[in-house]
Amino acid sequence: MPASRPELSLVPRPRTLSPRPGRLTLGPGTSVRALPGAEAAAGLLRTLLGPTTGLPLPPSSEGRVVLALDPQLGGLGDEGYGLTIGPETLLLRAARPDGLLRGVQTIRQLLPPDALSGGASDRSWELPCVEISDVPRYRWRGTMLDVARHFQPVSCLRRYVDLMALHKLNVLHLHLTDDQGWRMPVDALPRLTSVGGHRAQSLSDGVPHAGAYTKAELRDLVRHARERGVTVVPEIEMPGHVRAALAAYPALGNRPGRQLDVWTRWGVCDTVFGVHEEVFDFCRTVLQEVMDVFPSPYIHLGGDECPTGEWEDSPAARDRAAAAGLSGPGGLHGWFMGRVGSFLVEQGRRPVGWAETGGELPPEFTVMTWRDPALAAARRGHQVVAAHHRATYLDYAQSTDPDEPPGQRGALVPLHAVHAGDPVPRGAGPEEASRVLGTQAQLWTEYVRTPEQIEYLAYPRLCALADRAWSGGRSDWPGFVERLRDHTARLDALGVRYRPLTTRSLATASAGTARPPR
């Protein structure tokens, strides 16, 4: 958009946007007419705008702000919307409720930035007259936040969701367990948090660290996210990345008499679950309680970086492999994931797993490919979420500036690399491309201790991922940069502690090639 119309610099970019002459004024007397099915979106509009603008926006059958759900608008899909703003009225329409929620966020961005920050409630507010028709390119537009290595309070997660929703990101993948910590409460297994939630120190700071959520906190987070059109997908790691669980319940390991600590290092730990039936009883118990808290259709089971050395050294594991008709202990990984994945399928859920190449998981899994492009997994028939480390790992440094905060060693992931990342890999045909659900960013937190650090690493790179995942098209980098410069006024109004835009941060040099440790 031209510099003279910064209010039209929307992130992500709408599919079509046509400015119209005039402005619509919202004042204390402005009311909202929500047609049947649009009540939740109207409630969200009041929740988001009331405290910061002073606008009560009461319901009224004569309201000039009209929200309408119309299933006949099938071309808009599940999340698309149409927004028409004239000098006298605003009309927001969608075929599905989530489309109205996306449109509400567009209305927020069209308002002056101080409408996001509050403190100016005794005034009227103007919206530019505009016609927008908007549909997302991908249906999975997410971000993974690791709260296992450094626990974050639920207030941080709620704010994280709020910022996601502003940018039309719709999946919060919550990494709840790992070698370095267990944050998911399980009533039947209290030592998972009382023992597994405590770490003597982290590699980054040498400071003791602890924390766990309550089920009430997590349920409230799920509700808060759902009201904003965001699905919370929980991740419970297995059969590797389980050192915290083994510290709490040693009998789940391959050497049941060994007492382990919650891991204080970072990388790939060689301690993994055993393959005896007690382990599968444990997994079913945990996942049953997880499903009780998280209604998401997807449940993430981790699944990658599972060394097989303990299984190869274990007579019980070798016997189990032979009994299962496997060629050796190395085959136990896929067998393990298949058993637990089948349990989720029986419960009406869809298992998700990490994969380096796309060939490690049973066919019923949705695959997150983080090292190789998504093509191999898509060709095997998996649904795929693209998570390539060189375009989506936000714990990687953004530049070589000397004042860049410490982070994971490896390739730079600058802003341009995120915006240029194409979820559909080169060489994919129409069938493979149709299996790519979308993309998401990853923020591992071994070196990230505070909410302030999280926001610095996440923004504006999440703006870039949101733009690419919603709008598609890699050729709009100059346009994105122009819109982002205006969009930072909104981030400022919300107090987001983002990395400032500089000549270096906007550079387009290619990232390095180092392989990441997760």
# chains A, B, ... in the order shown; residues from 1 in each chain; ligands from 1
>>> residues_around(residues="range 70-74 of chain A", least_positions_apart="6", cutoff="7 Å", atoms="only C-alpha atoms", output="list in words")
Arg93, Ala94, Ala95 and Arg96 of chain A
>>> write_last_selection(atoms="C-alpha atoms", output="tab-separated table (two decimals), in the first residue's frame")
chain	number	residue	atom	x	y	z
A	93	ARG	CA	-19.34	-11.79	6.37
A	94	ALA	CA	-18.01	-15.34	6.42
A	95	ALA	CA	-19.18	-18.85	5.70
A	96	ARG	CA	-17.80	-20.24	8.97
>>> closest_atom_pairs(of="range 333-389 of chain A", to="range 266-288 of chain A", cutoff="9 Å", atoms="only C-alpha atoms", output="JSON lines")
{"residue": "A:Phe336", "atom": "CA", "partner": "A:Val275", "partner_atom": "CA", "distance": 7.4}
{"residue": "A:Arg339", "atom": "CA", "partner": "A:Phe280", "partner_atom": "CA", "distance": 8.3}
{"residue": "A:Val340", "atom": "CA", "partner": "A:Cys283", "partner_atom": "CA", "distance": 7.3}
{"residue": "A:Phe343", "atom": "CA", "partner": "A:Arg284", "partner_atom": "CA", "distance": 7.5}
{"residue": "A:Leu344", "atom": "CA", "partner": "A:Leu287", "partner_atom": "CA", "distance": 8.1}
{"residue": "A:Gln347", "atom": "CA", "partner": "A:Gln288", "partner_atom": "CA", "distance": 8.9}
>>> select_by_dssp(residues="range 12-204 of chain A", states="strand (DSSP E or B)", output="ChimeraX atom specification")
/A:16-26,32-34,59,65-69,81-85,90-94,125-134,140-146,171-175,177-178,181-182,198-199
>>> closest_residue(among="A:Arg199, A:Arg183, A:Arg449, A:His175", to="Glu235 in chain A", atoms="only C-alpha atoms")
A:His175
>>> residues_around(residues="range 493-510 of chain A", least_positions_apart="6", cutoff="8 Å", atoms="only C-alpha atoms", output="VMD selection string")
chain A and resid 113 to 114 116 to 117 398 to 399 414 to 417 452 455 to 460 481 485
>>> select_by_dssp(residues="range 403-439 of chain A", states="alpha helix (DSSP H)", output="MDAnalysis selection string")
chainID A and resid 415:420 430:434
>>> closest_residue(among="A:Ala411, A:Tyr447, A:Leu394, A:Ile236", to="Trp354 in chain A", atoms="only C-alpha atoms")
A:Ile236
>>> closest_residue(among="A:Arg15, A:His198, A:His167, A:Arg483", to="Val230 in chain A", atoms="only C-alpha atoms")
A:His167
>>> closest_residue(among="A:Pro14, A:Gly359, A:Gly257, A:Gly142", to="Thr392 in chain A", atoms="only C-alpha atoms")
A:Gly142
>>> decode(residues="range 160-293 of chain A", atoms="C-alpha atoms", output="compact mmCIF listing (two decimals), in the first residue's frame")
# COMPACT_ATOMS: atom_id res chain seq x y z
CA TYR A 160 1.47 -15.31 22.86
CA VAL A 161 -1.95 -16.50 21.64
CA ASP A 162 -3.23 -12.93 21.43
CA LEU A 163 -0.33 -11.91 19.18
CA MET A 164 -0.75 -15.05 17.08
CA ALA A 165 -4.42 -14.28 16.53
CA LEU A 166 -3.66 -10.70 15.48
CA HIS A 167 -1.53 -12.19 12.68
CA LYS A 168 -4.10 -14.88 11.80
CA LEU A 169 -1.90 -17.75 13.02
CA ASN A 170 -4.19 -20.55 14.08
CA VAL A 171 -2.17 -23.35 15.78
CA LEU A 172 -0.23 -23.11 19.03
CA HIS A 173 1.87 -26.27 19.28
CA LEU A 174 2.75 -26.52 22.97
CA HIS A 175 5.89 -28.59 23.63
CA LEU A 176 5.08 -29.75 27.16
CA THR A 177 7.63 -32.48 27.87
CA ASP A 178 11.25 -33.26 27.08
CA ASP A 179 14.46 -34.51 28.67
CA GLN A 180 14.77 -31.20 30.50
CA GLY A 181 11.30 -30.91 32.04
CA TRP A 182 7.72 -32.20 32.30
CA ARG A 183 5.04 -29.49 32.51
CA MET A 184 1.80 -31.44 31.89
CA PRO A 185 -0.09 -32.40 35.07
CA VAL A 186 -1.18 -36.05 35.18
CA ASP A 187 -3.32 -36.87 38.20
CA ALA A 188 -2.49 -40.58 38.09
CA LEU A 189 1.25 -39.90 37.92
CA PRO A 190 2.05 -36.93 40.19
CA ARG A 191 5.82 -37.47 40.18
CA LEU A 192 5.92 -36.41 36.53
CA THR A 193 5.67 -32.79 37.69
CA SER A 194 6.87 -33.04 41.31
CA VAL A 195 10.12 -34.68 40.15
CA GLY A 196 10.16 -34.28 36.37
CA GLY A 197 9.28 -30.59 36.59
CA HIS A 198 12.50 -29.70 38.43
CA ARG A 199 15.87 -29.24 36.75
CA ALA A 200 19.09 -28.63 38.68
CA GLN A 201 20.34 -26.22 36.02
CA SER A 202 20.12 -25.38 32.35
CA LEU A 203 23.02 -25.32 29.95
CA SER A 204 22.51 -21.65 29.21
CA ASP A 205 22.65 -20.18 32.71
CA GLY A 206 23.51 -22.83 35.34
CA VAL A 207 20.42 -21.82 37.37
CA PRO A 208 17.94 -24.30 38.94
CA HIS A 209 14.62 -24.26 37.14
CA ALA A 210 11.14 -25.63 37.86
CA GLY A 211 7.50 -25.24 36.91
CA ALA A 212 4.32 -27.01 35.85
CA TYR A 213 0.83 -26.03 34.84
CA THR A 214 -2.43 -26.96 36.49
CA LYS A 215 -5.19 -28.50 34.44
CA ALA A 216 -7.36 -25.48 35.20
CA GLU A 217 -4.70 -23.18 33.71
CA LEU A 218 -4.39 -25.28 30.58
CA ARG A 219 -8.15 -25.56 30.11
CA ASP A 220 -8.46 -21.79 30.45
CA LEU A 221 -5.67 -21.35 27.89
CA VAL A 222 -7.52 -23.67 25.48
CA ARG A 223 -10.72 -21.66 25.98
CA HIS A 224 -8.90 -18.34 25.53
CA ALA A 225 -7.27 -19.59 22.34
CA ARG A 226 -10.48 -21.07 20.94
CA GLU A 227 -12.29 -17.75 21.39
CA ARG A 228 -9.61 -16.25 19.12
CA GLY A 229 -9.67 -19.04 16.55
CA VAL A 230 -6.45 -20.71 17.74
CA THR A 231 -6.16 -24.47 18.37
CA VAL A 232 -3.73 -25.63 21.06
CA VAL A 233 -1.96 -28.84 20.02
CA PRO A 234 -0.17 -30.53 22.95
CA GLU A 235 3.07 -32.46 22.52
CA ILE A 236 4.11 -35.34 24.79
CA GLU A 237 7.50 -36.68 23.69
CA MET A 238 8.16 -40.42 23.21
CA PRO A 239 9.97 -42.82 23.01
CA GLY A 240 13.03 -40.53 23.16
CA HIS A 241 13.37 -37.10 24.79
CA VAL A 242 11.91 -38.69 27.96
CA ARG A 243 14.64 -38.21 30.57
CA ALA A 244 12.34 -36.14 32.84
CA ALA A 245 9.74 -38.93 32.82
CA LEU A 246 12.40 -41.54 33.59
CA ALA A 247 13.69 -39.43 36.48
CA ALA A 248 10.19 -39.57 37.94
CA TYR A 249 9.46 -43.24 37.12
CA PRO A 250 12.67 -45.24 36.54
CA ALA A 251 10.72 -48.46 35.93
CA LEU A 252 9.75 -47.09 32.50
CA GLY A 253 13.35 -47.31 31.29
CA ASN A 254 15.51 -50.06 29.88
CA ARG A 255 17.44 -50.28 33.15
CA PRO A 256 14.65 -49.98 35.74
CA GLY A 257 16.97 -49.91 38.75
CA ARG A 258 18.87 -46.86 37.53
CA GLN A 259 18.06 -43.48 39.08
CA LEU A 260 18.36 -40.61 36.61
CA ASP A 261 18.16 -36.88 37.03
CA VAL A 262 16.22 -34.44 34.87
CA TRP A 263 18.71 -33.69 32.13
CA THR A 264 20.81 -30.54 32.49
CA ARG A 265 22.29 -30.74 29.00
CA TRP A 266 20.95 -29.94 25.52
CA GLY A 267 20.86 -32.15 22.45
CA VAL A 268 20.00 -35.83 22.03
CA CYS A 269 19.91 -37.88 25.24
CA ASP A 270 20.57 -41.62 24.89
CA THR A 271 18.07 -42.69 27.58
CA VAL A 272 14.74 -43.79 26.08
CA PHE A 273 11.61 -45.62 27.14
CA GLY A 274 11.65 -49.39 27.40
CA VAL A 275 9.23 -51.42 25.33
CA HIS A 276 7.56 -53.48 28.07
CA GLU A 277 3.81 -53.27 28.61
CA GLU A 278 4.11 -51.01 31.65
CA VAL A 279 5.40 -48.32 29.30
CA PHE A 280 2.37 -48.54 27.04
CA ASP A 281 0.06 -48.47 30.07
CA PHE A 282 1.88 -45.27 31.08
CA CYS A 283 1.48 -43.74 27.62
CA ARG A 284 -2.23 -44.50 27.49
CA THR A 285 -2.77 -43.06 30.98
CA VAL A 286 -0.92 -39.87 30.15
CA LEU A 287 -2.59 -39.38 26.79
CA GLN A 288 -6.05 -40.03 28.20
CA GLU A 289 -5.56 -37.14 30.61
CA VAL A 290 -4.02 -34.99 27.87
CA MET A 291 -7.04 -35.56 25.65
CA ASP A 292 -9.32 -34.65 28.54
CA VAL A 293 -7.68 -31.20 28.70
